[in-house]
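Asks: My questions all concern the structure below.
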2 protein chains.
Amino acid sequence: MLVKETDQDTEKLIMETAKNIFFGEGRFNATTQEIADAAGVNRTLINYYFRSRDKLFEIVFEDAQRQEQELSEQILNTNLPLKEKLSQHLDNFFEQSKKYPYLEIYMVTQANQGCAFKDKDKMGPLLDKFYLEIALEMDKGNIEKMRPEQFVLNFISLMSFPISMRPLIQESMSLTKEYYDTLLSERKEIIIRTLFKQ
Amino acid sequence: MLVKETDQDTEKLIMETAKNIFFGEGRFNATTQEIADAAGVNRTLINYYFRSRDKLFEIVFEDAQRQEQELSEQILNTNLPLKEKLSQHLDNFFEQSKKYPYLEIYMVTQANQGCAFKDKDKMGPLLDKFYLEIALEMDKGNIEKMRPEQFVLNFISLMSFPISMRPLIQESMSLTKEYYDTLLSERKEIIIRTLFKQ
DNA sequence: TTTTGCATTGACAATTTTGTCAAACATAAA
DNA sequence: TTTATGTTTGACAAAATTGTCAATGCAAAA
């Protein structure tokens, strides 16, 4: 076998760089040249490894999707009480968001333009179990009564929106970068307090 | 004055079409040809009226910004009690969102790429007054105690996220279009109940 | 009717971006 | 060292996108 130590590295490097440009910097229509420059490689290597620009995009998109999926499945599979489960997911999410704040927006713009989603199958049963848990907490009076789906919408909204829309919110509310960071650092506690009755 | 009845109409038509393509359909990198085709006009008319593609984008962006701004100022200026104020804003927002579900995402992707925001000046005092109102309701015990900015974050998150991220959420939660619409129609009441103690 | 001023058009040029290819390169195996 | 195999490169071609321009059209004013 002929394997240089940089062999798969270049391919990975290009992928990582593309992910950074898309999900990290939000430059969704970066050219292959820009990606190559950022990766410090020859542009045609993108064609060599990924055949075409579209293929690279496709692969990176699927990677992002998988990443999100895994994060969701992780939380759904643990056996912690609901509040702790959500608490932990908030940690995971905020951690990932530091690296890829534009991940979700990218996925929306792509999902929109006719991009097939995968692996929705396993999610079904997991979600149903999750909904049941939520309903149980409602019965116990720990959270407001509503459709479980609404509770999930509330949760992901409170969690994601301030991250994905940061540039817009920060500007329109005239907040400094530092103050916004402060707000974000308090977010976890705020979200839990907003969703759960004391 | 020589004014054909279609004179300013063409310019407006192009703008409206661009707005629909960007904010309505979310096709953020539509070409001038695609916009012209959708508007049913010759492509070069875009250059004639807007000089360049970038200028058209700029104008449409500022228009979107103004639209959002006006919606925000409207709510801040009325003298209704907080809960009614937010309630009314939710109506306005959901109404506008039907036409332009991708408006906010577009603004984020632009804000990101170095786009100057305007008219932040008047917002300052209005926001401060709003924060005071919120603090007052907290003192009265009607809403959970937190920084007013956090309350505002909560509000816009719960309001905007399910709209702007719809393609992503609907897919990943495996919901039908019809069911998602049902959820959205219940949203207003859910949000108010989530933000205010009973 | 003729003129005037703007609107519209198609052909063309310029630019940007992407994709191909043969040649050069590097490294492990023979 | 030579060979074989996969990697990297620059030059080139192809495609896509944008911008310019002169010519034409059209309606109101002279």
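Here's how to read the names in the structure tokens: chain A, B, ... by the order shown, residue numbers from 1 in each chain, ligand numbers from 1 in the order shown.
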For Tyr48 of chain A, please output as a list in words all residues within 12 Å (counting only C-alpha atoms (C1' of nucleotides); exclusion window: fewer than 4 positions along the same chain).

Replies: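 Counting only C-alpha atoms (C1' of nucleotides), the residues come to Thr10, Glu11, Ile14, Val41, Asn42, Arg43, Thr44, Ser52, Arg53, Lys55 and Leu56 of chain A; DG19, DT20 and DC21 of chain C; DG6, DT7, DT8 and DT9 of chain D.
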
Asks: If you run DSSP over the backbone, which residues in segment 57-160 of chain A end up alpha helix (DSSP H)? Put them as an mmCIF file with C-alpha atoms, in the first residue's frame.

Replies:
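Saved as out-v6.cif:
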data_model
loop_
_atom_site.group_PDB
_atom_site.id
_atom_site.type_symbol
_atom_site.label_atom_id
_atom_site.label_comp_id
_atom_site.auth_asym_id
_atom_site.auth_seq_id
_atom_site.Cartn_x
_atom_site.Cartn_y
_atom_site.Cartn_z
ATOM 1 C CA PHE A 57 -21.024 20.847 -0.942
ATOM 2 C CA GLU A 58 -23.117 17.729 -0.821
ATOM 3 C CA ILE A 59 -20.603 15.877 1.317
ATOM 4 C CA VAL A 60 -20.127 18.776 3.685
ATOM 5 C CA PHE A 61 -23.868 19.143 4.013
ATOM 6 C CA GLU A 62 -24.369 15.507 4.848
ATOM 7 C CA ASP A 63 -21.599 15.795 7.390
ATOM 8 C CA ALA A 64 -23.330 18.710 9.033
ATOM 9 C CA GLN A 65 -26.580 16.839 9.050
ATOM 10 C CA ARG A 66 -25.014 13.820 10.681
ATOM 11 C CA GLN A 67 -23.395 16.027 13.289
ATOM 12 C CA GLU A 68 -26.723 17.584 14.231
ATOM 13 C CA GLN A 69 -28.426 14.211 14.172
ATOM 14 C CA GLU A 70 -25.897 12.666 16.499
ATOM 15 C CA LEU A 71 -26.260 15.478 18.968
ATOM 16 C CA SER A 72 -30.013 14.968 18.965
ATOM 17 C CA GLU A 73 -29.814 11.223 19.272
ATOM 18 C CA GLN A 74 -27.362 11.484 22.128
ATOM 19 C CA ILE A 75 -29.782 13.437 24.217
ATOM 20 C CA LEU A 76 -32.751 11.277 23.339
ATOM 21 C CA ASN A 77 -30.948 8.098 24.319
ATOM 22 C CA LEU A 82 -35.922 15.555 31.474
ATOM 23 C CA LYS A 83 -34.505 18.689 33.026
ATOM 24 C CA GLU A 84 -31.004 17.234 33.271
ATOM 25 C CA LYS A 85 -31.283 15.851 29.797
ATOM 26 C CA LEU A 86 -32.066 19.258 28.348
ATOM 27 C CA SER A 87 -29.458 20.850 30.539
ATOM 28 C CA GLN A 88 -26.796 18.581 29.158
ATOM 29 C CA HIS A 89 -27.945 19.101 25.601
ATOM 30 C CA LEU A 90 -27.640 22.846 26.086
ATOM 31 C CA ASP A 91 -24.021 22.348 27.091
ATOM 32 C CA ASN A 92 -23.335 20.209 24.044
ATOM 33 C CA PHE A 93 -25.078 22.594 21.710
ATOM 34 C CA PHE A 94 -23.399 25.742 22.980
ATOM 35 C CA GLU A 95 -20.080 23.967 22.762
ATOM 36 C CA GLN A 96 -20.611 22.988 19.142
ATOM 37 C CA SER A 97 -21.985 26.414 18.318
ATOM 38 C CA LYS A 98 -18.709 28.043 19.215
ATOM 39 C CA LYS A 99 -17.114 26.252 16.305
ATOM 40 C CA LEU A 103 -24.371 25.551 10.824
ATOM 41 C CA GLU A 104 -28.126 25.675 11.170
ATOM 42 C CA ILE A 105 -28.632 28.610 8.847
ATOM 43 C CA TYR A 106 -26.602 26.827 6.234
ATOM 44 C CA MET A 107 -28.751 23.772 6.623
ATOM 45 C CA VAL A 108 -31.916 25.796 6.207
ATOM 46 C CA THR A 109 -30.717 27.464 3.030
ATOM 47 C CA GLN A 110 -29.813 24.050 1.684
ATOM 48 C CA ALA A 111 -32.867 22.168 2.893
ATOM 49 C CA ASN A 112 -34.810 24.832 1.136
ATOM 50 C CA LYS A 120 -35.087 10.244 9.777
ATOM 51 C CA ASP A 121 -36.210 6.694 10.395
ATOM 52 C CA LYS A 122 -34.488 6.018 13.693
ATOM 53 C CA MET A 123 -35.598 9.378 15.025
ATOM 54 C CA GLY A 124 -39.299 8.510 14.939
ATOM 55 C CA PRO A 125 -39.450 6.086 17.877
ATOM 56 C CA LEU A 126 -36.905 8.083 19.849
ATOM 57 C CA LEU A 127 -38.965 11.232 19.444
ATOM 58 C CA ASP A 128 -42.130 9.467 20.508
ATOM 59 C CA LYS A 129 -40.476 8.292 23.700
ATOM 60 C CA PHE A 130 -39.264 11.843 24.281
ATOM 61 C CA TYR A 131 -42.749 13.273 23.773
ATOM 62 C CA LEU A 132 -44.028 10.832 26.356
ATOM 63 C CA GLU A 133 -41.457 11.983 28.866
ATOM 64 C CA ILE A 134 -42.480 15.561 28.281
ATOM 65 C CA ALA A 135 -46.144 14.751 28.711
ATOM 66 C CA LEU A 136 -45.296 13.057 31.981
ATOM 67 C CA GLU A 137 -43.598 16.177 33.312
ATOM 68 C CA MET A 138 -46.659 18.173 32.324
ATOM 69 C CA ASP A 139 -48.862 15.839 34.307
ATOM 70 C CA PRO A 148 -45.105 18.107 23.354
ATOM 71 C CA GLU A 149 -44.104 19.320 19.892
ATOM 72 C CA GLN A 150 -44.683 22.877 21.053
ATOM 73 C CA PHE A 151 -42.442 22.297 24.027
ATOM 74 C CA VAL A 152 -39.718 21.001 21.719
ATOM 75 C CA LEU A 153 -40.191 24.000 19.446
ATOM 76 C CA ASN A 154 -39.835 26.262 22.459
ATOM 77 C CA PHE A 155 -36.692 24.504 23.547
ATOM 78 C CA ILE A 156 -34.831 24.556 20.249
ATOM 79 C CA SER A 157 -35.977 28.109 19.559
ATOM 80 C CA LEU A 158 -34.649 29.443 22.833
ATOM 81 C CA MET A 159 -31.459 27.488 22.357
ATOM 82 C CA SER A 160 -30.638 28.074 18.701
#

Asks: Got a sec to pull out which chain C residues are within 10 Å of chain B, counting only C-alpha atoms (C1' of nucleotides), and send them as number ranges by chain?

Replies: C: 4-10

Asks: For chain D, list the residues within 8 Å of chain B, counting only C-alpha atoms (C1' of nucleotides), and write the list as a list in words.

Replies: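 Written out as asked, the residues are DT17, DT18, DG19, DA27 and DA28 of chain D.
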
Asks: Over all Cα atoms in order, fit chain A to chain B and jot down the RMSD to one decimal place.

Replies: 0.1 Å

Asks: I'd like the neighbourhood of segment 16-24 of chain B as a list in words, where a residue qualifies if any of its atoms comes within 6 Å (using only C-alpha atoms (C1' of nucleotides)), though same-chain residues fewer than 5 positions away should be ignored.

Replies: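 Close residues of segment 16-24 of chain B: Ala39, Tyr100, Pro101, Tyr102 and Leu103 of chain B.
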
Asks: Please write the residues from the selection above to a file, keeping N, CA and C atoms, as a PDB file, in the first residue's frame.

Replies:
ATOM      1  N   ALA B  39     -39.495  37.990 -13.318  1.00  0.00           N
ATOM      2  CA  ALA B  39     -40.228  39.257 -13.451  1.00  0.00           C
ATOM      3  C   ALA B  39     -40.787  39.420 -14.867  1.00  0.00           C
ATOM      4  N   TYR B 100     -42.824  36.624   3.591  1.00  0.00           N
ATOM      5  CA  TYR B 100     -41.362  36.564   3.526  1.00  0.00           C
ATOM      6  C   TYR B 100     -40.746  35.716   4.638  1.00  0.00           C
ATOM      7  N   PRO B 101     -40.933  34.411   4.570  1.00  0.00           N
ATOM      8  CA  PRO B 101     -40.402  33.565   5.647  1.00  0.00           C
ATOM      9  C   PRO B 101     -38.876  33.577   5.746  1.00  0.00           C
ATOM     10  N   TYR B 102     -38.197  33.890   4.648  1.00  0.00           N
ATOM     11  CA  TYR B 102     -36.727  33.838   4.670  1.00  0.00           C
ATOM     12  C   TYR B 102     -36.070  35.191   4.931  1.00  0.00           C
ATOM     13  N   LEU B 103     -36.912  36.168   5.247  1.00  0.00           N
ATOM     14  CA  LEU B 103     -36.389  37.532   5.420  1.00  0.00           C
ATOM     15  C   LEU B 103     -35.251  37.602   6.433  1.00  0.00           C
TER      16      LEU B 103
END

Asks: At what distance in Å, to one decimal, does atom CA of Ile143 of chain B lie from atom CA of Phe196 of chain B?

Replies: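 Result for atom CA of Phe196 of chain B versus atom CA of Ile143 of chain B: 4.9 Å, one decimal.
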
Asks: Check the smallest atom-to-atom distance from each of B:Ala30, B:Asp9, B:Asp54, B:Asn79 to chain A using only C-alpha atoms, then report the winner.

Replies: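 Distance minimum relative to chain A lands on B:Ala30.
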
Asks: Any idea what the distance is between atom C1' of DC12 of chain C and atom C1' of DA14 of chain D?

Replies: 18.4 Å

Asks: Could you tell me how far atom CA of Lys188 of chain A sits from atom CA of Glu25 of chain A, in Å to one decimal place?

Replies: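 Between atom CA of Glu25 of chain A and atom CA of Lys188 of chain A the gap works out to 23.8 Å.
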
Asks: Would you mind telling me which residue in B:Lys177, B:Lys140, B:Lys197, B:Lys12 lies nearest to chain A when using only C-alpha atoms?

Replies: B:Lys197
